[in-house]
Amino acid sequence: MSPECAGWLRKTQYPPLTNYIRFYMRTSIASIHPDTGYAEIMGWVHEIRDLGGLLFLLIRDRSGFIQVTLPRKKVPPAVLVTAEGLSRESVVCVKGRVVAIEKAPGGREMIPDEIALLNRAESPLPLDVVEKVPAELDTRLDARFLDIRKPRVTAIFLIRSRVMQIIGDFFHSRGFAYVTTPKVVAAATEGGTELFPIAYFEREAFLSQSPQLYKQMMMAAGFEKVFEVGPIFRAEEHNTTKHLNEATSIDVEVSFADERHVMALLEELIVEIYSGVAEECAEQLDTLKLHNFEVPETPFPRIPYADAIEIASRRTESEIAYGEDIGTLAEKAIGEEMGVHYFIIEWPTAIKPYYAMPFEQRPEICRAFDLMHPRMELASGAQRVHLHDTLVRQIRAKGLNPESFEFYLKPFRYGMPPHAGWGLGMERLIMTMLDLGNIREAVLFPRDRHRLVP
RNA sequence: GCCCAGGUGGUGUAGCGGCCUAUCAUGUCGGCCUGUCACGCCGACGACUCGGAUUCAAAUUCCGACCUGGGCGCCA
């Protein structure tokens, strides 16, 4: 064992700073090439193949795999003893010579001088990281930390991380301010959806279902362009592959803009995300076997609600009345017809929230829109009502009491600019982009109707 | 919330009244093997969600509970 390994193996003391840096500066497995010469790697034992005279260890870190080969007669006895005692998924440090060899994965392998067992993994494992036997989602989520070690799952979250970065860059480069708004709130923002009640000292409070009211308040605050990426909580008891009780919402609000402006912004963002992922996450897309990853083309088709239900009625062979919400089956039918991302526009005012701005000439429809992927809804937005009295009228029209919205209404009396915005579901975006079958695949630790742990 | 389908070794499954001291794969342990890459071969280990009922006999049928998956509803 090298002094470095020995140093930080002693759990009771921190290693000297130089070794600490060395730890983080270790050679990542993916960066090891046939001509690397000598390397020190840290990782997990992915597989062990014992051929008798030859022992192969497949070592994995987040970046990839390398084969460590031990010719039994040639390696130091101490190294052999350590290698023979390893269990799958144990954490090891391996130092050794890098050899170019055609037969090995990646055209190189390591012949070890030293192997240090940093932490032994118990067996049996609750989950097969190698995936010789597939595990059900429920089993996988119970042992999520192991599940995430699978290259396929790692790839999803490395892409998600990159998408977060792309979103930040996109908005900052366009003059948006990144805001964070409270997730503990006093009341429902818009009624309708179920809220999670929590105890807030001696009062009752709720987990926020949407930053809607706060980002509008930032328009009143003169911020003009804001975005937020944050959690939203919905207490609905749904049980589907596309709903979560805790989700991540990408929220945007822009002053002096109407719905057309923010729709253009939204489709631009979608394209930026797809093309960024295509360019910068080629390796992860390859791991996910997404060889035909396509960047959507703009502009996305815009179809009025009236046309959408007509398509749905025709394709599902069942009459959908004007003014009905678009159900799951209708949504699928329209998606099949469209085949690409599209917007549904000109929604009936009656089925959109009170803050959606009705058209002046035809107040029965409003300036709201949904962004759809062929599989499901991704985002919804609108030009908002910025006029106090219209807003009060619309709140009443929904059967709600304006008095209970006083904290929301107040900013509208002191110079609220016209504005528009939208909210985009991060998990649905990832799910549809990466063709995942279940939205839980797009969250590290999903919260659904039944799952609160881990 | 409604409807449907399920709960069998660590994991994924077969079996669906007696042929079950329960199949197969993977895993784990032991043995053999110098180029594996789903390594191979030999041997062993390891399971019927819980409670009640029917029956000579229950993994298998019935009832209840708990848990899970899926569809729908609901849902900016």
# chains A, B, ... in the order shown; residues from 1 in each chain; ligands from 1
>>> interface_residues(of="chain A", to="chain B", cutoff="8 Å", atoms="only C-alpha atoms (C1' of nucleotides)", output="PyMOL selection string")
chain A and resi 49+51-54+56+71+103-105+123-128+132-135+138+193+210+236-238+240+353+380-381+423
>>> select_by_dssp(residues="region 34-191 of chain A", states="alpha helix (DSSP H)", output="JSON, numbers by chain")
{"A": [77, 78, 79, 80, 81, 82, 83, 84, 137, 138, 139, 140, 141, 142, 144, 145, 146, 147, 151, 152, 153, 154, 155, 156, 157, 158, 159, 160, 161, 162, 163, 164, 165, 166, 167, 168, 169, 170, 171, 172]}
>>> residues_around(residues="Glu102 (chain A)", least_positions_apart="6", cutoff="10 Å", atoms="only C-alpha atoms (C1' of nucleotides)", output="mmCIF file with all heavy atoms, in the first residue's frame")
data_model
loop_
_atom_site.group_PDB
_atom_site.id
_atom_site.type_symbol
_atom_site.label_atom_id
_atom_site.label_comp_id
_atom_site.auth_asym_id
_atom_site.auth_seq_id
_atom_site.Cartn_x
_atom_site.Cartn_y
_atom_site.Cartn_z
ATOM 1 N N PRO A 34 -3.896 4.180 -23.631
ATOM 2 C CA PRO A 34 -2.858 3.141 -23.750
ATOM 3 C C PRO A 34 -1.454 3.657 -23.445
ATOM 4 O O PRO A 34 -0.599 2.911 -22.986
ATOM 5 C CB PRO A 34 -2.984 2.697 -25.212
ATOM 6 C CG PRO A 34 -4.410 2.934 -25.560
ATOM 7 C CD PRO A 34 -4.788 4.173 -24.800
ATOM 8 N N ARG A 108 -6.702 -0.740 -23.265
ATOM 9 C CA ARG A 108 -5.658 -0.645 -22.236
ATOM 10 C C ARG A 108 -6.120 -1.368 -20.988
ATOM 11 O O ARG A 108 -7.305 -1.567 -20.758
ATOM 12 C CB ARG A 108 -5.289 0.816 -21.956
ATOM 13 C CG ARG A 108 -6.178 1.569 -20.978
ATOM 14 C CD ARG A 108 -7.557 1.893 -21.548
ATOM 15 N NE ARG A 108 -8.279 2.877 -20.763
ATOM 16 C CZ ARG A 108 -9.385 2.621 -20.053
ATOM 17 N NH1 ARG A 108 -9.900 1.419 -20.010
ATOM 18 N NH2 ARG A 108 -9.971 3.589 -19.384
ATOM 19 N N GLU A 109 -5.112 -1.761 -20.173
ATOM 20 C CA GLU A 109 -5.426 -2.378 -18.892
ATOM 21 C C GLU A 109 -4.333 -1.988 -17.911
ATOM 22 O O GLU A 109 -3.304 -1.420 -18.301
ATOM 23 C CB GLU A 109 -5.524 -3.904 -19.021
ATOM 24 C CG GLU A 109 -4.210 -4.576 -19.383
ATOM 25 C CD GLU A 109 -4.336 -6.088 -19.569
ATOM 26 O OE1 GLU A 109 -5.473 -6.576 -19.678
ATOM 27 O OE2 GLU A 109 -3.290 -6.760 -19.613
#
>>> residues_around(residues="A14 (chain B)", least_positions_apart="3", cutoff="12 Å", atoms="only C-alpha atoms (C1' of nucleotides)", output="list in words")
U8, A22, U23, C24, A25 and A59 of chain B
>>> write_last_selection(atoms="N, CA, C and O atoms (P, O5', C5', C4', C3', O3' and C1' of nucleotides)", output="JSON list (two decimals), in the first residue's frame")
[["chain", "number", "residue", "atom", "x", "y", "z"],
["B", 8, "U", "P", -42.40, -11.74, -4.38],
["B", 8, "U", "O5'", -42.60, -13.30, -4.13],
["B", 8, "U", "C5'", -42.66, -13.80, -2.80],
["B", 8, "U", "C4'", -42.15, -15.21, -2.80],
["B", 8, "U", "C3'", -40.74, -15.39, -3.32],
["B", 8, "U", "O3'", -39.78, -15.12, -2.31],
["B", 8, "U", "C1'", -42.13, -16.99, -4.33],
["B", 22, "A", "P", -37.81, -28.23, -2.31],
["B", 22, "A", "O5'", -39.20, -27.93, -3.05],
["B", 22, "A", "C5'", -39.52, -28.59, -4.26],
["B", 22, "A", "C4'", -39.92, -27.56, -5.29],
["B", 22, "A", "C3'", -38.80, -26.57, -5.63],
["B", 22, "A", "O3'", -38.01, -27.09, -6.66],
["B", 22, "A", "C1'", -40.79, -25.39, -5.11],
["B", 23, "U", "P", -36.57, -26.49, -6.97],
["B", 23, "U", "O5'", -36.67, -26.16, -8.53],
["B", 23, "U", "C5'", -37.30, -27.08, -9.42],
["B", 23, "U", "C4'", -37.46, -26.42, -10.76],
["B", 23, "U", "C3'", -36.26, -25.61, -11.20],
["B", 23, "U", "O3'", -35.27, -26.44, -11.79],
["B", 23, "U", "C1'", -38.23, -24.34, -11.52],
["B", 24, "C", "P", -33.72, -26.13, -11.57],
["B", 24, "C", "O5'", -33.51, -24.88, -12.54],
["B", 24, "C", "C5'", -33.71, -25.02, -13.94],
["B", 24, "C", "C4'", -33.77, -23.67, -14.58],
["B", 24, "C", "C3'", -32.60, -22.74, -14.23],
["B", 24, "C", "O3'", -31.44, -23.05, -14.98],
["B", 24, "C", "C1'", -34.63, -21.55, -14.06],
["B", 25, "A", "P", -30.00, -22.76, -14.36],
["B", 25, "A", "O5'", -29.91, -21.18, -14.50],
["B", 25, "A", "C5'", -29.90, -20.58, -15.79],
["B", 25, "A", "C4'", -30.07, -19.08, -15.66],
["B", 25, "A", "C3'", -29.03, -18.39, -14.79],
["B", 25, "A", "O3'", -27.82, -18.17, -15.50],
["B", 25, "A", "C1'", -31.18, -17.58, -14.26],
["B", 59, "A", "P", -48.62, -24.41, 1.06],
["B", 59, "A", "O5'", -47.98, -23.23, 0.20],
["B", 59, "A", "C5'", -48.05, -21.89, 0.67],
["B", 59, "A", "C4'", -48.03, -20.93, -0.50],
["B", 59, "A", "C3'", -49.30, -20.96, -1.34],
["B", 59, "A", "O3'", -50.23, -20.03, -0.86],
["B", 59, "A", "C1'", -47.38, -21.18, -2.73]]
>>> select_by_dssp(residues="region 99-199 of chain A", states="strand (DSSP E or B)", output="PyMOL selection string")
chain A and resi 99-100+108-119+177-178+184-185+197-199
>>> residues_around(residues="C66 (chain B)", least_positions_apart="4", cutoff="12 Å", atoms="only C-alpha atoms (C1' of nucleotides)", output="PyMOL selection string")
chain B and resi 7+49-51
